[in-house]
Amino acid sequence: MRRVTRTARVTIARASRLLNFQKRHPPVGAPPGTLVFPEERVPATIRVMAYGPDGVEEREGVGVEELPGLLKPDRVTWIDLQGLGDEALLRRLGQIFEIHPLALEDVVNVPQRPKAEAYDRQHLVITRMTRAAADGPLDVEQVSLFIGQHYLLSIQERRGDVFDPVRVRIRAGKGLIRRSGPDYLAYALIDAILDGYYPVLEVLGDRLQGLEERILHGASRSGQLGIHRVRRDLLVLRRAVWPQHEAVAALVREETPLITSTVRQYLRDCLDHAVQILDVIDTYHELASNLMDMHLAAVSQRSNDVMKVLTVMASIFIPLTFIAGLYGMNFDYLPELHYRWAYPALLTLMGLVAGGMLLFFHRRGWLGGDEEDED
Amino acid sequence: MRRVTRTARVTIARASRLLNFQKRHPPVGAPPGTLVFPEERVPATIRVMAYGPDGVEEREGVGVEELPGLLKPDRVTWIDLQGLGDEALLRRLGQIFEIHPLALEDVVNVPQRPKAEAYDRQHLVITRMTRAAADGPLDVEQVSLFIGQHYLLSIQERRGDVFDPVRVRIRAGKGLIRRSGPDYLAYALIDAILDGYYPVLEVLGDRLQGLEERILHGASRSGQLGIHRVRRDLLVLRRAVWPQHEAVAALVREETPLITSTVRQYLRDCLDHAVQILDVIDTYHELASNLMDMHLAAVSQRSNDVMKVLTVMASIFIPLTFIAGLYGMNFDYLPELHYRWAYPALLTLMGLVAGGMLLFFHRRGWLGGDEEDED
Amino acid sequence: MRRVTRTARVTIARASRLLNFQKRHPPVGAPPGTLVFPEERVPATIRVMAYGPDGVEEREGVGVEELPGLLKPDRVTWIDLQGLGDEALLRRLGQIFEIHPLALEDVVNVPQRPKAEAYDRQHLVITRMTRAAADGPLDVEQVSLFIGQHYLLSIQERRGDVFDPVRVRIRAGKGLIRRSGPDYLAYALIDAILDGYYPVLEVLGDRLQGLEERILHGASRSGQLGIHRVRRDLLVLRRAVWPQHEAVAALVREETPLITSTVRQYLRDCLDHAVQILDVIDTYHELASNLMDMHLAAVSQRSNDVMKVLTVMASIFIPLTFIAGLYGMNFDYLPELHYRWAYPALLTLMGLVAGGMLLFFHRRGWLGGDEEDED
Amino acid sequence: MRRVTRTARVTIARASRLLNFQKRHPPVGAPPGTLVFPEERVPATIRVMAYGPDGVEEREGVGVEELPGLLKPDRVTWIDLQGLGDEALLRRLGQIFEIHPLALEDVVNVPQRPKAEAYDRQHLVITRMTRAAADGPLDVEQVSLFIGQHYLLSIQERRGDVFDPVRVRIRAGKGLIRRSGPDYLAYALIDAILDGYYPVLEVLGDRLQGLEERILHGASRSGQLGIHRVRRDLLVLRRAVWPQHEAVAALVREETPLITSTVRQYLRDCLDHAVQILDVIDTYHELASNLMDMHLAAVSQRSNDVMKVLTVMASIFIPLTFIAGLYGMNFDYLPELHYRWAYPALLTLMGLVAGGMLLFFHRRGWLGGDEEDED
Amino acid sequence: MRRVTRTARVTIARASRLLNFQKRHPPVGAPPGTLVFPEERVPATIRVMAYGPDGVEEREGVGVEELPGLLKPDRVTWIDLQGLGDEALLRRLGQIFEIHPLALEDVVNVPQRPKAEAYDRQHLVITRMTRAAADGPLDVEQVSLFIGQHYLLSIQERRGDVFDPVRVRIRAGKGLIRRSGPDYLAYALIDAILDGYYPVLEVLGDRLQGLEERILHGASRSGQLGIHRVRRDLLVLRRAVWPQHEAVAALVREETPLITSTVRQYLRDCLDHAVQILDVIDTYHELASNLMDMHLAAVSQRSNDVMKVLTVMASIFIPLTFIAGLYGMNFDYLPELHYRWAYPALLTLMGLVAGGMLLFFHRRGWLGGDEEDED
């Protein structure tokens, strides 16, 4: 029992972090733009990649005051901030890039609902990044992208991301990425984030497969708990992907000079991926519901099986016991007791009763019902 | 049993107050504009805050006839009325501010569906304010806001609100609030009201967490009642937030000179919050439904467990009892009774029968099924 | 059983009258405009109220041929017909007011789906009126309103309505009603009809409250039947209110000179009421479904409780009975029978077995499970 | 069992005919316009009614080559073909009326989804006609209407229809029908088809009423099967009516010279009927689902009742049997056996035990639970 | 058990292939246009059919470099590629036909969501082709069509398709196909693909029919598994057909010179077929859900039946056994033992008790309940 409880606590805590916003919403009635910093402050580090068709300049651990000097109109500068722990730095960043206070609030007060919003100087895209974990809890993290004229500012909740392949492509200089603007970079990052959902769905698919086998083998309690957890994880994923899909659709639709029509076509491809992910999530959800139905039916079926055994045993032996009891009575005048053939005759009668019973149950298919049903 | 009933009565009464309108709708066929006053008349008090960039003037317990003198075009006057108990005062207020009779009816005949409506001289926004109560019933109260040219008139059902932080910001004079008009004040109040839903959802989240643990430990009756109550509270919250979301969306959309485009952008942020609250409510609702499924499956599983114990016990001992009864019979000619080895042989037979039964049940996994299932 | 059946018959008959149209649809393939008169012919009576700002003229039992003389362009004439039993009268009415045959068909072949339709000379609004009945069946009746240039023609299925307060307001001459046209009168009647739903919903709310208490006290069969009936009544109400809401929305939207913009604003208020009524109906419907869930869970729980008692009793006494049976055997060589300490020893053993069983069940929480669950 | 199976086969076969298209879809990859004729070829007969304001000419068994001569611009010619069995005739018909190959395919390869489509020379309306059968299976048949300039061509799957009243109206010459064009005739036929659904719904309503009574009397197996069948029939009807409603709506909306605005108003009335039929279908569907819930709850309740009887019987007699067994033991030293008062004392004890048990069960309400629940 | 598991594994594997994209999505963050080739590489073969009104040229095993020479403006060239196993060939194909990298990615990284997309030089339609397999798993394969100016390029995942009838029609030269452009060919292929769903649905319909009979005969475990599988297959089909329907609708709607208005009318017919297929899928899905309800009710009913037998047996014999036990007691003073008439009297009493019990159960309808329910 203990063990179940501990897992349950983890499950709930995980859901709370994802669905809820405990301790992270601003105090009631706080002025707009109030920043609420997470309790476990992840120290912030800035990494800059500046590139153009001709070359790449890459630096880690950049100080916030160096940033204005790094922005140049003839190249794309990708400022990648990881960790929301440094309040002063974030406020200063807001000043440097002239970020609207409401936009900064959305970036810091994680988790926000994914969305795309146009501001005067930037286009803000809020997304949720996930990474597969073989067996552990879902790990979902907010990534905010500010698409500016010559720069892209990405702000991540924690360290670690799914962007390394994009970095590799920038360094390699193959494809369109070095010859395009920050809008293409934003597309590449959003695409990487959406790609990150595929392995997570694979893990869930494997778990569903395992659950189905377990339930087909017998209605175990762990199967029921497993379905509950898969359904919850799918719920979390759906809530993460659905608004993301809406945000990308808004990017495709919106008329903004910050996003070129070429990139818009690539984003249309992203949209297809998002829809496909939602399709899979919905399908898995229906599969999980079907499994729950099967589990409930299996539990009922098993109760039925248990009861059949009880009924067969009791129905055969209770009458026999009664007959035996009858001739265990101590009446003075109980004539059958004195016949020589009485005992063998009684044994025969008992055998007939038991046989009749067995025949009755056999006809109803209550004997060995398990095997018969399975072919 | 008593205790449950008492709680049930409270639960229902609470729901009635929120969902129903017992005793508060006007008599059937009453002319439009009929005011129906609550039975428990909360005496009305007026508090006025008048402010501009240069300063704040604050007064409590203002008489209704003083109000016209307090309105000045060069500053924002916030008239805050708490309590709907004074009929004459409300009618006089309607005259002073030239409120449309239908608007006044909506304000007084609480609860109305939240909405935003444009009248000739004001914009009316009807909202529902809630405050978290650790364990008690949901407390939902109607707050109506009239946004006028130079004033904001807020009318609350009862004393007590979530607006103190807004008052503090007005007094402190930081941020935009002192330099903006009554539309920004309206935004600040709506935002405070929406922020007030977050702690309520936290409480519900905690209750769901507690329920899940309880149900994982065993399908208790209190768990079932708890899910029922959470679902009802979520129902109430959804009905309160959904039209509010629509009302804010209408404010964002509508073309009215009373709301500036800057404030409209802030309201767009409110809209995001409302959508997020709805998301959480829906997610909690699905979690609660999943828990109900798990509870039902757990009850079935437990019946199964109970039945297994009964079946094992009965199936082992009923045949043995029959055998014992057989040799308790008093037939004169029952040869086995006279063999010396009969008794030990019979004991051995009985042991074999019992052992066979145990083996049969062990193979089916009916012995100690609980423990085996849990890893 | 008898009693239940009788109630069931009433329930069904009630539903049929509301949902179905048994015997009331025209013969298949009948030409449009075929009038089907109800079997139980309610004789028709006409009541006329003619009013203007200066006075009211009121007459009952008016003959149909007098009507043309009563219509005057400088006042509003409200012709109120109750009872659809007089075919000739209805046809003559159709001629006098130049009613389109399809419109007349809709008025007579009750029940029609509520709707608002513009014809050349009138605007037709079909509504459903209901009146609360403490415990009896829902009473729903069709009321059709023809809004003309200077008159309003209302046609009711049966005698008795919810319009008396409107009549009182006309006589009293307070408010807008005497100074407005037939469109305002139509609004007043529609408003009265919608107001009539509130007490009906109160009755349903009370029934739900009673059902919840009954189900919390124990899963009684009457609770289940009660939920079934409440759900059916809510179904009927929803089907009545939903198209009515659509009809009022159409009135608000439509461009017709017969309805002034002032009245349109009042109708907007009606629309709010209709939405609120739908909200309450939907909420009650979800509450009823939650109650059904709780009822099902309670039945399962009770089966569980019954089975626990059986299992405890059987598991304790069946082994003991076996032991007793063992020493009731009549073997010649059964040594234990002859030891002096055998009987007390056996009693002790039996006590130990019973105690062990009790301990086992206590650990599983199967003894007095009821009380433990309830805190 | 046999009987159930036979009925089941009929049920399925019926559903297959309606929902599926077994043997009737063209071979995969067939060119468009491939005609697939039904296996049971109903020979085709043509009946012509030509009418104008001045008179009616009616002929049965018309040859297809006579048709061109019968079409005249100064009257309406209604060509009514019944039976799809004559391939050559249908192809020739297509040539005479210049029917698009895809249109002809839709007419012959029944069942098609009801729809309204504009072609160059005709407007095609595909509908489904049904006729009530007291107890037998639903009988649904496709009727296709080609509305031309001066003619209406109706093609029915089989003989027999619901159009006789329309024919009577044409002969009688009352109403608009003789003075209107083929569009009005089309309306009259569509209206007759929709009217034909009302008696079918009445039959379903009666079946639901019967089922409710049966389920209230006890959860019989036949009730469950009955609900299953009603739900399936409602499914079939909904699939038939819903696209028909869409088709009529398209007719009302579409701008085509073939349909006059007068007839459009009549079609708007048809639309109301279709919506009402859908309303009734949906309501019946919800009633059927509620009945299924009640049935499931009733089965659970009955199991509970059965188990209560078992538990009461077993709990009372098992302990008594144990006590009796105790004093049936054959120990030499069993002192109680020799007391004179032992037997009466034991009987008293047994009575007390039984009485205590009964009291316990009475307190729990397990005795005669049935009756108590019903008031 | 083994057997079930093996089937389960197949079931899951099948679902994974269809719903999931295991091993087939590009590595996370891969640049757009990354091609991921299937593990089991099906070697690619190209087959060309070039035709015009005057003749057909047909070649198999064409090399990719020959293709440019085969395209001529005065005829339609259908390049049909089967198998995605040859990477170089596919890249070269992309160059020859100037295919957009994103389009090529969609074609190779199967399965993609069906869709229609306009590119500069082609219109891409992605579809899913299925072929019925009597009893085996669903076989779904992606077919991509590039509609160009004078050519149609079709790319199939594997060998084998449903296009043979189209090839026959081209060779035969009947109908429109030889006189039309590649857009008509595309329509013919899409139509053949949609036609391919009908036999699959027939197989599912047969399976549902079999399941219903099995469930009516008794709630077997295999029935439950069967419903689970049918529901899963329907899920897969729905996910395949729904976006296909959207894609065809987009083709009908879109303004592109590549598709003529004549072909657009034919595509409208395709759309009708897709809607009909979706209708059947939804109907089958509801039928399957109804069957699951019936199955669950049948399991409950069977438990009830089992319990009735147990209750009847136990209730009759347990009291009798007690009475017999009573007179098996060995009290010295047990007067009844010595009366001559005691034994026959007791037998009579026992008969009366058993008879009373039987009467009680008969009244409740617990004896032979099965038969009685079925009429």
# chains A, B, ... in the order shown; residues from 1 in each chain; ligands from 1

$ residues_around --residues "Arg41 in chain C" --least-positions-apart "6" --cutoff "10 Å" --atoms "only C-alpha atoms" --output "ChimeraX atom specification"
/C:83-87,157-158

$ closest_atom_pairs --of "chain D" --to "chain C" --cutoff "7 Å" --atoms "only C-alpha atoms" --output "CSV"
residue,atom,partner,partner_atom,distance
D:Val162,CA,C:Gly29,CA,7.0
D:Phe163,CA,C:Gly29,CA,6.5
D:Pro165,CA,C:Gly29,CA,5.2
D:Val166,CA,C:Gly29,CA,5.9
D:Asp191,CA,C:Gly29,CA,6.7
D:Ala192,CA,C:Gly29,CA,4.0
D:Asp195,CA,C:Val28,CA,5.0
D:Gly196,CA,C:Val28,CA,5.7
D:Glu202,CA,C:Gln22,CA,6.6
D:Gln209,CA,C:Ile12,CA,6.2
D:Glu213,CA,C:Thr5,CA,6.7
D:Gln276,CA,C:Arg113,CA,6.4
D:Val280,CA,C:Leu19,CA,6.4
D:Asn290,CA,C:His228,CA,6.7
D:Ala297,CA,C:Leu296,CA,6.2
D:Ser300,CA,C:Val299,CA,6.8
D:Gln301,CA,C:Val299,CA,6.5
D:Asn304,CA,C:Ser303,CA,5.2
D:Met307,CA,C:Val306,CA,6.9
D:Lys308,CA,C:Val306,CA,6.3
D:Thr311,CA,C:Leu310,CA,5.0
D:Ser315,CA,C:Met313,CA,5.9
D:Ile318,CA,C:Phe317,CA,6.5
D:Pro319,CA,C:Phe317,CA,6.0
D:Phe322,CA,C:Thr321,CA,4.6
D:Gly325,CA,C:Ala324,CA,5.4
D:Leu326,CA,C:Ala324,CA,5.1
D:Gly328,CA,C:Gly328,CA,5.5
D:Met329,CA,C:Gly328,CA,3.9
D:Asn330,CA,C:Gly328,CA,5.3
D:Phe331,CA,C:Leu337,CA,4.3
D:Asp332,CA,C:His338,CA,5.3
D:Tyr333,CA,C:Arg340,CA,5.7
D:Leu334,CA,C:Tyr343,CA,6.4
D:Asp373,CA,C:Ser220,CA,5.7
D:Glu374,CA,C:Ser222,CA,5.9

$ select_by_dssp --residues "range 3-182 of chain A" --states "alpha helix (DSSP H)" --output "ChimeraX atom specification"
/A:3-19,67-70,87-96,101-108,164-172,182

$ write_last_selection --atoms "C-alpha atoms" --output "PDB file, in the first residue's frame"
ATOM      1  CA  ARG A   3       4.287   2.063  -2.438  1.00  0.00           C
ATOM      2  CA  VAL A   4       1.113   2.946  -4.262  1.00  0.00           C
ATOM      3  CA  THR A   5       0.696   6.023  -2.111  1.00  0.00           C
ATOM      4  CA  ARG A   6       4.157   7.290  -2.823  1.00  0.00           C
ATOM      5  CA  THR A   7       3.626   6.917  -6.562  1.00  0.00           C
ATOM      6  CA  ALA A   8       0.275   8.618  -6.223  1.00  0.00           C
ATOM      7  CA  ARG A   9       1.882  11.583  -4.539  1.00  0.00           C
ATOM      8  CA  VAL A  10       4.393  11.888  -7.368  1.00  0.00           C
ATOM      9  CA  THR A  11       1.607  11.611  -9.925  1.00  0.00           C
ATOM     10  CA  ILE A  12      -0.372  14.383  -8.318  1.00  0.00           C
ATOM     11  CA  ALA A  13       2.603  16.632  -7.800  1.00  0.00           C
ATOM     12  CA  ARG A  14       3.453  16.225 -11.440  1.00  0.00           C
ATOM     13  CA  ALA A  15      -0.090  17.112 -12.496  1.00  0.00           C
ATOM     14  CA  SER A  16      -0.101  20.118 -10.208  1.00  0.00           C
ATOM     15  CA  ARG A  17       3.059  21.472 -11.731  1.00  0.00           C
ATOM     16  CA  LEU A  18       1.625  21.120 -15.196  1.00  0.00           C
ATOM     17  CA  LEU A  19      -1.994  21.982 -14.771  1.00  0.00           C
ATOM     18  CA  LEU A  67      23.781  42.384 -25.679  1.00  0.00           C
ATOM     19  CA  PRO A  68      23.091  45.764 -27.330  1.00  0.00           C
ATOM     20  CA  GLY A  69      26.590  45.678 -28.821  1.00  0.00           C
ATOM     21  CA  LEU A  70      26.007  42.247 -30.331  1.00  0.00           C
ATOM     22  CA  GLU A  87      15.054  39.050 -11.605  1.00  0.00           C
ATOM     23  CA  ALA A  88      17.332  42.025 -12.295  1.00  0.00           C
ATOM     24  CA  LEU A  89      18.634  40.469 -15.482  1.00  0.00           C
ATOM     25  CA  LEU A  90      15.108  39.842 -16.788  1.00  0.00           C
ATOM     26  CA  ARG A  91      13.994  43.378 -16.036  1.00  0.00           C
ATOM     27  CA  ARG A  92      17.088  44.756 -17.778  1.00  0.00           C
ATOM     28  CA  LEU A  93      16.433  42.497 -20.748  1.00  0.00           C
ATOM     29  CA  GLY A  94      12.936  43.928 -20.913  1.00  0.00           C
ATOM     30  CA  GLN A  95      14.382  47.413 -21.119  1.00  0.00           C
ATOM     31  CA  ILE A  96      16.992  46.585 -23.745  1.00  0.00           C
ATOM     32  CA  PRO A 101       5.329  44.740 -19.497  1.00  0.00           C
ATOM     33  CA  LEU A 102       2.434  42.323 -20.184  1.00  0.00           C
ATOM     34  CA  ALA A 103       4.674  40.324 -22.509  1.00  0.00           C
ATOM     35  CA  LEU A 104       7.380  40.122 -19.878  1.00  0.00           C
ATOM     36  CA  GLU A 105       4.792  39.019 -17.322  1.00  0.00           C
ATOM     37  CA  ASP A 106       3.712  36.191 -19.638  1.00  0.00           C
ATOM     38  CA  VAL A 107       7.308  35.066 -20.069  1.00  0.00           C
ATOM     39  CA  VAL A 108       8.168  34.984 -16.390  1.00  0.00           C
ATOM     40  CA  ASP A 164      20.912  21.173 -30.352  1.00  0.00           C
ATOM     41  CA  PRO A 165      20.144  19.908 -33.881  1.00  0.00           C
ATOM     42  CA  VAL A 166      19.208  23.471 -34.850  1.00  0.00           C
ATOM     43  CA  ARG A 167      22.519  24.719 -33.462  1.00  0.00           C
ATOM     44  CA  VAL A 168      24.322  22.064 -35.460  1.00  0.00           C
ATOM     45  CA  ARG A 169      22.536  23.161 -38.634  1.00  0.00           C
ATOM     46  CA  ILE A 170      23.480  26.806 -38.010  1.00  0.00           C
ATOM     47  CA  ARG A 171      27.105  25.859 -37.520  1.00  0.00           C
ATOM     48  CA  ALA A 172      27.093  23.596 -40.590  1.00  0.00           C
ATOM     49  CA  PRO A 182      15.045  35.335 -37.434  1.00  0.00           C
TER      50      PRO A 182
END

$ residues_around --residues "Gln149 in chain D" --least-positions-apart "3" --cutoff "8 Å" --atoms "only C-alpha atoms" --output "list in words"
Arg121, Gln122, Pro182 and Leu258 of chain D

$ residues_around --residues "range 45-61 of chain D" --least-positions-apart "3" --cutoff "8 Å" --atoms "only C-alpha atoms" --output "list in words"
Val64, Leu70, Asp74, Arg75, Val76, Thr77, Trp78, Ile79, Asp80, Leu81, Gln82, Gly83, Ile170, Arg171, Gly173, Arg178 and Arg179 of chain D

$ write_last_selection --atoms "all heavy atoms" --output "short mmCIF file (atom, residue, chain, number, x, y, z; two decimals), in the first residue's frame"
data_model
loop_
_atom_site.label_atom_id
_atom_site.label_comp_id
_atom_site.auth_asym_id
_atom_site.auth_seq_id
_atom_site.Cartn_x
_atom_site.Cartn_y
_atom_site.Cartn_z
N VAL D 64 -41.75 4.18 -72.26
CA VAL D 64 -40.77 5.27 -72.12
C VAL D 64 -40.69 6.11 -73.38
O VAL D 64 -40.41 7.32 -73.31
CB VAL D 64 -39.40 4.69 -71.72
CG1 VAL D 64 -38.81 3.87 -72.85
CG2 VAL D 64 -38.43 5.77 -71.29
N LEU D 70 -45.52 13.56 -74.28
CA LEU D 70 -46.43 13.99 -73.22
C LEU D 70 -46.04 15.33 -72.60
O LEU D 70 -46.85 15.97 -71.92
CB LEU D 70 -46.50 12.91 -72.14
CG LEU D 70 -47.26 11.64 -72.53
CD1 LEU D 70 -46.99 10.52 -71.55
CD2 LEU D 70 -48.75 11.95 -72.59
N ASP D 74 -47.34 24.08 -71.54
CA ASP D 74 -48.43 24.79 -70.86
C ASP D 74 -49.05 24.01 -69.71
O ASP D 74 -50.09 24.34 -69.21
CB ASP D 74 -49.52 25.17 -71.88
CG ASP D 74 -50.10 23.92 -72.53
OD1 ASP D 74 -49.43 22.86 -72.44
OD2 ASP D 74 -51.20 23.99 -73.11
N ARG D 75 -48.41 22.92 -69.32
CA ARG D 75 -48.94 22.17 -68.19
C ARG D 75 -47.78 21.48 -67.47
O ARG D 75 -46.67 21.40 -68.00
CB ARG D 75 -49.97 21.16 -68.66
CG ARG D 75 -49.40 20.12 -69.59
CD ARG D 75 -50.45 19.14 -70.06
NE ARG D 75 -49.83 17.98 -70.66
CZ ARG D 75 -50.49 16.95 -71.16
NH1 ARG D 75 -51.81 16.93 -71.13
NH2 ARG D 75 -49.85 15.94 -71.69
N VAL D 76 -48.07 20.98 -66.30
CA VAL D 76 -47.07 20.25 -65.51
C VAL D 76 -47.25 18.77 -65.76
O VAL D 76 -48.37 18.25 -65.65
CB VAL D 76 -47.25 20.55 -64.01
CG1 VAL D 76 -46.29 19.71 -63.18
CG2 VAL D 76 -47.05 22.03 -63.72
N THR D 77 -46.14 18.09 -66.09
CA THR D 77 -46.22 16.65 -66.30
C THR D 77 -45.41 15.96 -65.20
O THR D 77 -44.23 16.21 -65.04
CB THR D 77 -45.65 16.27 -67.67
OG1 THR D 77 -46.24 17.11 -68.65
CG2 THR D 77 -45.91 14.81 -67.98
N TRP D 78 -46.09 15.13 -64.44
CA TRP D 78 -45.43 14.37 -63.36
C TRP D 78 -45.23 12.94 -63.83
O TRP D 78 -46.18 12.19 -63.96
CB TRP D 78 -46.27 14.46 -62.10
CG TRP D 78 -45.77 13.57 -60.99
CD1 TRP D 78 -44.54 13.01 -60.86
CD2 TRP D 78 -46.52 13.15 -59.84
NE1 TRP D 78 -44.45 12.28 -59.70
CE2 TRP D 78 -45.66 12.35 -59.06
CE3 TRP D 78 -47.82 13.40 -59.39
CZ2 TRP D 78 -46.07 11.79 -57.84
CZ3 TRP D 78 -48.22 12.83 -58.18
CH2 TRP D 78 -47.35 12.02 -57.42
N ILE D 79 -43.96 12.60 -64.12
CA ILE D 79 -43.64 11.24 -64.51
C ILE D 79 -43.16 10.50 -63.27
O ILE D 79 -42.14 10.88 -62.68
CB ILE D 79 -42.55 11.23 -65.60
CG1 ILE D 79 -43.01 12.05 -66.78
CG2 ILE D 79 -42.20 9.81 -66.01
CD1 ILE D 79 -42.28 13.35 -66.92
N ASP D 80 -43.90 9.46 -62.90
CA ASP D 80 -43.60 8.75 -61.67
C ASP D 80 -43.18 7.33 -62.00
O ASP D 80 -44.00 6.51 -62.41
CB ASP D 80 -44.85 8.76 -60.78
CG ASP D 80 -44.58 8.08 -59.45
OD1 ASP D 80 -43.43 8.15 -59.00
OD2 ASP D 80 -45.52 7.50 -58.88
N LEU D 81 -41.88 7.03 -61.82
CA LEU D 81 -41.36 5.71 -62.12
C LEU D 81 -41.20 4.93 -60.82
O LEU D 81 -40.55 5.38 -59.88
CB LEU D 81 -39.99 5.85 -62.80
CG LEU D 81 -39.23 4.56 -63.05
CD1 LEU D 81 -39.80 3.83 -64.25
CD2 LEU D 81 -37.77 4.86 -63.26
N GLN D 82 -41.76 3.72 -60.79
CA GLN D 82 -41.63 2.88 -59.60
C GLN D 82 -40.91 1.60 -59.96
O GLN D 82 -41.36 0.87 -60.83
CB GLN D 82 -43.01 2.59 -59.02
CG GLN D 82 -43.78 3.87 -58.68
CD GLN D 82 -44.97 3.61 -57.78
OE1 GLN D 82 -45.31 2.46 -57.50
NE2 GLN D 82 -45.59 4.67 -57.32
N GLY D 83 -39.82 1.30 -59.24
CA GLY D 83 -39.06 0.08 -59.50
C GLY D 83 -37.84 0.37 -60.33
O GLY D 83 -37.91 1.05 -61.35
N ILE D 170 -54.40 16.72 -56.58
CA ILE D 170 -54.29 17.13 -57.99
C ILE D 170 -55.61 16.90 -58.71
O ILE D 170 -56.11 17.77 -59.41
CB ILE D 170 -53.15 16.35 -58.68
CG1 ILE D 170 -51.80 16.75 -58.09
CG2 ILE D 170 -53.17 16.61 -60.19
CD1 ILE D 170 -50.64 15.97 -58.62
N ARG D 171 -56.17 15.73 -58.47
CA ARG D 171 -57.44 15.44 -59.15
C ARG D 171 -58.52 16.41 -58.70
O ARG D 171 -59.32 16.89 -59.51
CB ARG D 171 -57.89 14.01 -58.83
CG ARG D 171 -57.09 12.96 -59.59
CD ARG D 171 -57.53 11.55 -59.23
NE ARG D 171 -56.42 10.64 -59.40
CZ ARG D 171 -55.97 9.77 -58.49
NH1 ARG D 171 -56.55 9.70 -57.29
NH2 ARG D 171 -54.94 8.99 -58.75
N GLY D 173 -58.19 19.38 -57.53
CA GLY D 173 -57.94 20.72 -58.06
C GLY D 173 -58.13 21.82 -57.05
O GLY D 173 -58.19 22.99 -57.39
N ARG D 178 -52.85 22.87 -58.56
CA ARG D 178 -53.09 22.85 -60.01
C ARG D 178 -52.64 24.14 -60.67
O ARG D 178 -52.35 24.19 -61.86
CB ARG D 178 -54.58 22.62 -60.29
CG ARG D 178 -54.99 21.18 -60.07
CD ARG D 178 -55.13 20.41 -61.37
NE ARG D 178 -56.29 20.82 -62.09
CZ ARG D 178 -57.53 20.35 -61.90
NH1 ARG D 178 -57.74 19.40 -61.01
NH2 ARG D 178 -58.51 20.78 -62.62
N ARG D 179 -52.60 25.23 -59.86
CA ARG D 179 -52.22 26.52 -60.43
C ARG D 179 -50.72 26.77 -60.33
O ARG D 179 -50.24 27.84 -60.67
CB ARG D 179 -52.98 27.64 -59.73
CG ARG D 179 -54.39 27.85 -60.33
CD ARG D 179 -55.21 28.72 -59.41
NE ARG D 179 -55.53 28.05 -58.17
CZ ARG D 179 -55.51 28.62 -56.97
NH1 ARG D 179 -55.16 29.88 -56.84
NH2 ARG D 179 -55.82 27.93 -55.90
#

$ select_by_dssp --residues "range 19-121 of chain A" --states "strand (DSSP E)" --output "VMD selection string"
chain A and resid 45 to 52 55 to 60 76 to 82 115 to 118

$ atom_distance --atom1 "CA of Tyr266 in chain C" --atom2 "CA of Leu145 in chain C"
17.0 Å
